[in-house]
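Undergrad: Let me begin by handing over the structure; questions about it come next.
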Amino acid sequence: EDKWRACKAVLERPERRTTPGSARRWLGSGLYRCGAPGCTEMMRLSTAGKGSGNAHVPAYRCRTGTHVTRVAEPLDEHVTNLVLVRLSRPDARAVLLPPPRPTENREDLAATANTLRGKLDALAADYAEDLITRQQLLDGTALTRKRLEKVEAQMEAQAKDNVLAGLPLGTGQVAKEWPGWHLDKKRAIVDALMTVTILPARRGRPAGFQPGVSRTYFNP
């Protein structure tokens with residue numbers, strides 16, 4: 001049950017798209033946040049115009065469509081570099097991995113959860129038999145559900161392995177292995193390590209930009 005709850009918690013995240021053909025191709029889609037003042041929306045993958053030839057390139061755009069827009073490729077490279085630098089530092093394992101803490105036995109938690117679910121059924125049966133009032137049913141159900149949610153949250157926390165635990169932290173091996181990891185794993189690492197907030201860019205070409213020489217307007 002604990003494995004099922006871990007999977008359920010991941011699959012039911014609001015930011016996950018469930019329409020056909022929704023496999024993500026970019027690191028920050030639905031993960032990066034818009035940094036416009038007062039905005040809390042996530043960034044989605046769209047396109048942006050580039051140059052006088054009306055060519056378009058993949059870009060992250062605030063879901064409002066009116067705030068921040070940033071070309072995707074250099075932004076993903078910048079975030080990736082930050083991740084690899086942090087994971088490769090000698091103190092990475094000591095700083096990023098939580099210390100082990102005592103946890104309640106999984107079997108005990110599962111047994112408690114089943115007991116609480118049985119109590120919910122019993123409350124409904126008692127109300128149907130006119131053994132308790134409607135208010136007693138509501139109060140008992142609310143209290144029992146609150147206890148059940150707490151137990152289920154403990155089960156989910158135990159079932160989820162820290163996404164950073166299996167990585168070769170504190171070594172250069174992280175950078176070597178990164179290209180071969182699945183995009184979902186990379187996204188999980190970014191999500192566990194940082195909150196990426198994309199600030200609005202200044203208008204106009206940055207100082208030192210040379211057409212045909214400089215690769216992009218991107219300002220890290």
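In the structure tokens, chains take letters A, B, ... by order of appearance, with residues numbered from 1 within each chain and ligands from 1 in the order shown.
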Mind checking which residues fall within 12 Å of Glu149 (chain A), counting only C-alpha atoms, ignoring those fewer than 3 positions away in the same chain, and posting them as a list in words?

TA: Arg5, Leu109, Thr112, Ala113, Asn114, Leu116, Arg117, Thr141, Ala142, Leu143, Thr144, Arg145, Lys146, Glu152, Ala153, Gln154, Met155 and Glu156 of chain A

Undergrad: Excluding Pro200 (chain A) and any residue of its chain fewer than 2 positions from it, enumerate the residues within 9 Å of it, using only C-alpha atoms, and give them as a CSV table (one decimal) with all heavy atoms, in the first residue's frame.

TA:
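Produced file selection.csv, reproduced below:
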```csv
chain,number,residue,atom,x,y,z
A,34,CYS,N,6.9,32.0,-12.8
A,34,CYS,CA,7.0,33.3,-13.4
A,34,CYS,C,7.4,34.3,-12.2
A,34,CYS,O,6.9,34.2,-11.1
A,34,CYS,CB,5.7,33.8,-13.9
A,34,CYS,SG,5.6,35.5,-14.5
A,35,GLY,N,8.4,35.2,-12.6
A,35,GLY,CA,8.9,36.1,-11.6
A,35,GLY,C,8.3,37.5,-11.7
A,35,GLY,O,8.9,38.4,-11.1
A,36,ALA,N,7.3,37.7,-12.5
A,36,ALA,CA,6.7,39.0,-12.6
A,36,ALA,C,6.0,39.4,-11.3
A,36,ALA,O,5.5,38.5,-10.6
A,36,ALA,CB,5.6,39.0,-13.7
A,67,HIS,N,3.2,37.9,-19.2
A,67,HIS,CA,4.3,38.2,-18.3
A,67,HIS,C,5.6,37.8,-19.0
A,67,HIS,O,6.0,38.3,-20.0
A,67,HIS,CB,4.1,37.6,-16.9
A,67,HIS,CG,3.0,38.2,-16.2
A,67,HIS,ND1,2.3,37.5,-15.2
A,67,HIS,CD2,2.3,39.4,-16.3
A,67,HIS,CE1,1.3,38.2,-14.7
A,67,HIS,NE2,1.3,39.4,-15.4
A,68,VAL,N,6.3,36.9,-18.3
A,68,VAL,CA,7.7,36.6,-18.7
A,68,VAL,C,7.7,35.6,-19.8
A,68,VAL,O,6.9,34.7,-19.9
A,68,VAL,CB,8.4,36.0,-17.5
A,68,VAL,CG1,9.8,35.5,-17.9
A,68,VAL,CG2,8.5,37.0,-16.3
A,69,THR,N,8.7,35.9,-20.8
A,69,THR,CA,8.9,34.9,-21.9
A,69,THR,C,10.5,34.8,-22.0
A,69,THR,O,11.2,35.8,-22.1
A,69,THR,CB,8.4,35.4,-23.2
A,69,THR,OG1,6.9,35.5,-23.1
A,69,THR,CG2,8.7,34.4,-24.3
A,70,ARG,N,11.0,33.6,-22.0
A,70,ARG,CA,12.4,33.3,-22.1
A,70,ARG,C,12.7,32.2,-23.0
A,70,ARG,O,12.0,31.1,-22.9
A,70,ARG,CB,13.1,33.1,-20.7
A,70,ARG,CG,13.2,34.3,-19.8
A,70,ARG,CD,14.1,35.3,-20.4
A,70,ARG,NE,14.3,36.5,-19.6
A,70,ARG,CZ,15.3,36.6,-18.7
A,70,ARG,NH1,16.1,35.6,-18.5
A,70,ARG,NH2,15.4,37.7,-18.0
A,198,ILE,N,11.8,32.8,-12.9
A,198,ILE,CA,12.2,33.5,-14.1
A,198,ILE,C,11.8,34.9,-14.0
A,198,ILE,O,10.7,35.3,-14.1
A,198,ILE,CB,11.7,32.8,-15.4
A,198,ILE,CG1,11.9,31.3,-15.3
A,198,ILE,CG2,12.4,33.4,-16.6
A,198,ILE,CD1,13.3,30.8,-15.1
A,202,ARG,N,15.2,42.5,-19.4
A,202,ARG,CA,15.3,43.9,-19.9
A,202,ARG,C,15.1,44.0,-21.4
A,202,ARG,O,15.5,43.1,-22.1
A,202,ARG,CB,16.6,44.6,-19.5
A,202,ARG,CG,16.8,44.7,-18.0
A,202,ARG,CD,18.2,45.3,-17.7
A,202,ARG,NE,18.4,45.4,-16.3
A,202,ARG,CZ,19.5,45.9,-15.8
A,202,ARG,NH1,20.5,46.3,-16.6
A,202,ARG,NH2,19.7,46.0,-14.4
```

Undergrad: In Å, rounded to a single decimal, give me how far CA of Ser88 (chain A) is from CA of Gly172 (chain A).

TA: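 Those two atoms sit 5.7 Å apart.
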
Undergrad: Could you check how far CA of Val79 (chain A) sits from CA of His56 (chain A), in Å to one decimal?

TA: 22.0 Å

Undergrad: Given only C-alpha atoms as the basis, pick out the residue of A:Gly170, A:Pro74, A:Pro179, A:Pro220 nearest to Val57 (chain A).

TA: A:Pro74

Undergrad: Considering only strand (DSSP E) as DSSP defines it on the backbone, what residues of region 24-204 of chain A qualify? List them as a list in words.

TA: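 Written out, the strand (DSSP E) residues of region 24-204 of chain A are Arg33, Cys34, Met43, Arg44, Leu45, Ser46, Thr47, Ala48, Gly49, Lys50, Ala55, His56, Val57, Pro58, Ala59, Tyr60, Arg61, Cys62, Thr69, Arg70, Val71, Thr197 and Ile198 of chain A.
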
Undergrad: Store the residues picked out above in a file with N, CA and C atoms, as an mmCIF file, in the first residue's frame.

TA:
```
data_model
loop_
_atom_site.group_PDB
_atom_site.id
_atom_site.type_symbol
_atom_site.label_atom_id
_atom_site.label_comp_id
_atom_site.auth_asym_id
_atom_site.auth_seq_id
_atom_site.Cartn_x
_atom_site.Cartn_y
_atom_site.Cartn_z
ATOM 1 N N ARG A 33 8.853 28.987 -12.361
ATOM 2 C CA ARG A 33 7.811 29.928 -11.957
ATOM 3 C C ARG A 33 8.032 31.303 -12.584
ATOM 4 N N CYS A 34 6.941 31.979 -12.837
ATOM 5 C CA CYS A 34 7.014 33.345 -13.369
ATOM 6 C C CYS A 34 7.428 34.289 -12.249
ATOM 7 N N MET A 43 5.527 28.349 -15.589
ATOM 8 C CA MET A 43 5.898 28.624 -16.975
ATOM 9 C C MET A 43 5.538 27.414 -17.848
ATOM 10 N N ARG A 44 5.019 27.672 -19.018
ATOM 11 C CA ARG A 44 4.714 26.609 -19.973
ATOM 12 C C ARG A 44 5.598 26.763 -21.199
ATOM 13 N N LEU A 45 5.723 25.698 -21.962
ATOM 14 C CA LEU A 45 6.555 25.743 -23.164
ATOM 15 C C LEU A 45 5.743 26.315 -24.313
ATOM 16 N N SER A 46 6.268 27.307 -24.966
ATOM 17 C CA SER A 46 5.619 27.933 -26.109
ATOM 18 C C SER A 46 6.698 28.243 -27.131
ATOM 19 N N THR A 47 6.530 29.295 -27.906
ATOM 20 C CA THR A 47 7.547 29.725 -28.858
ATOM 21 C C THR A 47 7.713 31.237 -28.761
ATOM 22 N N ALA A 48 8.825 31.716 -29.275
ATOM 23 C CA ALA A 48 9.085 33.153 -29.331
ATOM 24 C C ALA A 48 9.763 33.469 -30.643
ATOM 25 N N GLY A 49 9.481 34.665 -31.186
ATOM 26 C CA GLY A 49 10.109 35.088 -32.424
ATOM 27 C C GLY A 49 11.579 35.382 -32.223
ATOM 28 N N LYS A 50 12.358 35.200 -33.266
ATOM 29 C CA LYS A 50 13.803 35.436 -33.165
ATOM 30 C C LYS A 50 14.313 36.014 -34.475
ATOM 31 N N ALA A 55 11.652 33.649 -37.644
ATOM 32 C CA ALA A 55 11.831 32.292 -37.144
ATOM 33 C C ALA A 55 11.380 32.229 -35.690
ATOM 34 N N HIS A 56 10.908 31.063 -35.281
ATOM 35 C CA HIS A 56 10.458 30.891 -33.911
ATOM 36 C C HIS A 56 11.272 29.801 -33.229
ATOM 37 N N VAL A 57 11.522 29.990 -31.952
ATOM 38 C CA VAL A 57 12.287 29.022 -31.168
ATOM 39 C C VAL A 57 11.480 28.658 -29.935
ATOM 40 N N PRO A 58 11.710 27.457 -29.377
ATOM 41 C CA PRO A 58 11.018 27.087 -28.142
ATOM 42 C C PRO A 58 11.334 28.084 -27.032
ATOM 43 N N ALA A 59 10.324 28.455 -26.270
ATOM 44 C CA ALA A 59 10.500 29.429 -25.195
ATOM 45 C C ALA A 59 9.532 29.129 -24.058
ATOM 46 N N TYR A 60 9.952 29.498 -22.864
ATOM 47 C CA TYR A 60 9.062 29.401 -21.714
ATOM 48 C C TYR A 60 8.257 30.685 -21.617
ATOM 49 N N ARG A 61 6.973 30.521 -21.371
ATOM 50 C CA ARG A 61 6.092 31.676 -21.277
ATOM 51 C C ARG A 61 5.177 31.498 -20.059
ATOM 52 N N CYS A 62 4.961 32.579 -19.331
ATOM 53 C CA CYS A 62 4.043 32.536 -18.204
ATOM 54 C C CYS A 62 2.668 32.085 -18.689
ATOM 55 N N THR A 69 8.656 35.851 -20.777
ATOM 56 C CA THR A 69 8.948 34.913 -21.864
ATOM 57 C C THR A 69 10.461 34.789 -21.981
ATOM 58 N N ARG A 70 10.978 33.566 -21.964
ATOM 59 C CA ARG A 70 12.427 33.349 -22.088
ATOM 60 C C ARG A 70 12.701 32.156 -23.003
ATOM 61 N N VAL A 71 13.691 32.308 -23.892
ATOM 62 C CA VAL A 71 14.087 31.218 -24.782
ATOM 63 C C VAL A 71 14.490 30.010 -23.938
ATOM 64 N N THR A 197 12.793 30.655 -10.408
ATOM 65 C CA THR A 197 11.904 31.775 -10.687
ATOM 66 C C THR A 197 12.506 32.609 -11.812
ATOM 67 N N ILE A 198 11.751 32.769 -12.902
ATOM 68 C CA ILE A 198 12.245 33.468 -14.092
ATOM 69 C C ILE A 198 11.848 34.937 -14.030
#
```

Undergrad: DSSP on the backbone: what in region 23-162 of chain A comes out helix (DSSP H, G or I), as a VMD selection string?

TA: chain A and resid 72 to 88 92 to 96 106 to 128 134 to 159

Undergrad: Using only C-alpha atoms, which residue out of A:Pro98, A:Gly166, A:Gly30, A:Gly140 lies closest to Ala122 (chain A)?

TA: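 Result for the nearest residue to Ala122 (chain A): A:Gly140.
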
Undergrad: Which residue gives the smallest distance to Ala192 (chain A) among A:Leu96, A:Leu138, A:Asp121, A:Asp108, with only C-alpha atoms counted?

TA: A:Leu96

Undergrad: Grab the CA of Ala72 (chain A) to CA of Val196 (chain A) distance for me, in Å with one decimal place.

TA: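 Separation between CA of Ala72 (chain A) and CA of Val196 (chain A): 13.2 Å.
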
Undergrad: Find the spatial neighbours of Val83 (chain A), counting only C-alpha atoms, within a cut-off of 10 Å - ignore same-chain residues fewer than 5 positions away - and output them as a ChimeraX atom specification.

TA: /A:77-78,88,174-175,186,189-190,193-194

Undergrad: With N, CA, C and O atoms kept, could you save the residues just selected as a PDB file, in the first residue's frame?

TA:
```pdb
ATOM      1  N   GLU A  77      19.982  25.139 -19.998  1.00  0.00           N
ATOM      2  CA  GLU A  77      21.422  24.916 -19.823  1.00  0.00           C
ATOM      3  C   GLU A  77      21.930  25.615 -18.571  1.00  0.00           C
ATOM      4  O   GLU A  77      22.746  25.058 -17.824  1.00  0.00           O
ATOM      5  N   HIS A  78      21.428  26.835 -18.329  1.00  0.00           N
ATOM      6  CA  HIS A  78      21.852  27.587 -17.150  1.00  0.00           C
ATOM      7  C   HIS A  78      21.418  26.874 -15.872  1.00  0.00           C
ATOM      8  O   HIS A  78      22.215  26.715 -14.935  1.00  0.00           O
ATOM      9  N   SER A  88      27.912  18.562  -7.247  1.00  0.00           N
ATOM     10  CA  SER A  88      29.296  18.103  -7.312  1.00  0.00           C
ATOM     11  C   SER A  88      30.159  18.633  -6.177  1.00  0.00           C
ATOM     12  O   SER A  88      31.292  18.183  -6.002  1.00  0.00           O
ATOM     13  N   VAL A 174      28.537  13.058 -11.230  1.00  0.00           N
ATOM     14  CA  VAL A 174      27.179  13.566 -11.463  1.00  0.00           C
ATOM     15  C   VAL A 174      27.071  14.170 -12.859  1.00  0.00           C
ATOM     16  O   VAL A 174      26.135  13.889 -13.606  1.00  0.00           O
ATOM     17  N   ALA A 175      28.030  15.019 -13.218  1.00  0.00           N
ATOM     18  CA  ALA A 175      28.001  15.669 -14.530  1.00  0.00           C
ATOM     19  C   ALA A 175      28.144  14.649 -15.656  1.00  0.00           C
ATOM     20  O   ALA A 175      27.560  14.825 -16.734  1.00  0.00           O
ATOM     21  N   LYS A 186      15.614  14.170 -14.090  1.00  0.00           N
ATOM     22  CA  LYS A 186      16.246  15.489 -14.038  1.00  0.00           C
ATOM     23  C   LYS A 186      15.291  16.519 -13.432  1.00  0.00           C
ATOM     24  O   LYS A 186      15.683  17.345 -12.600  1.00  0.00           O
ATOM     25  N   ILE A 189      15.029  16.107  -9.730  1.00  0.00           N
ATOM     26  CA  ILE A 189      16.221  16.620  -9.047  1.00  0.00           C
ATOM     27  C   ILE A 189      16.156  18.147  -8.932  1.00  0.00           C
ATOM     28  O   ILE A 189      16.414  18.711  -7.869  1.00  0.00           O
ATOM     29  N   VAL A 190      15.803  18.804 -10.029  1.00  0.00           N
ATOM     30  CA  VAL A 190      15.668  20.266  -9.995  1.00  0.00           C
ATOM     31  C   VAL A 190      14.627  20.673  -8.966  1.00  0.00           C
ATOM     32  O   VAL A 190      14.836  21.588  -8.163  1.00  0.00           O
ATOM     33  N   LEU A 193      15.874  20.333  -5.455  1.00  0.00           N
ATOM     34  CA  LEU A 193      17.047  21.138  -5.124  1.00  0.00           C
ATOM     35  C   LEU A 193      16.759  22.627  -5.047  1.00  0.00           C
ATOM     36  O   LEU A 193      17.360  23.344  -4.262  1.00  0.00           O
ATOM     37  N   MET A 194      15.824  23.118  -5.855  1.00  0.00           N
ATOM     38  CA  MET A 194      15.655  24.564  -5.961  1.00  0.00           C
ATOM     39  C   MET A 194      14.267  24.930  -6.469  1.00  0.00           C
ATOM     40  O   MET A 194      13.536  24.091  -6.998  1.00  0.00           O
TER      41      MET A 194
END
```

Undergrad: Given the choices A:Ala94, A:Leu31, A:Val151, A:Leu137, which gets closest to Arg106 (chain A) if the distance is worked out from only C-alpha atoms?

TA: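 Among A:Ala94, A:Leu31, A:Val151, A:Leu137, it is A:Val151 that comes nearest to Arg106 (chain A).
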
Undergrad: Of the residues A:Tyr32, A:Gln135, A:Ala165, A:Arg147, which is the one nearest to Ala92 (chain A), using only C-alpha atoms?

TA: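 Among the listed residues, A:Ala165 lies closest to Ala92 (chain A).
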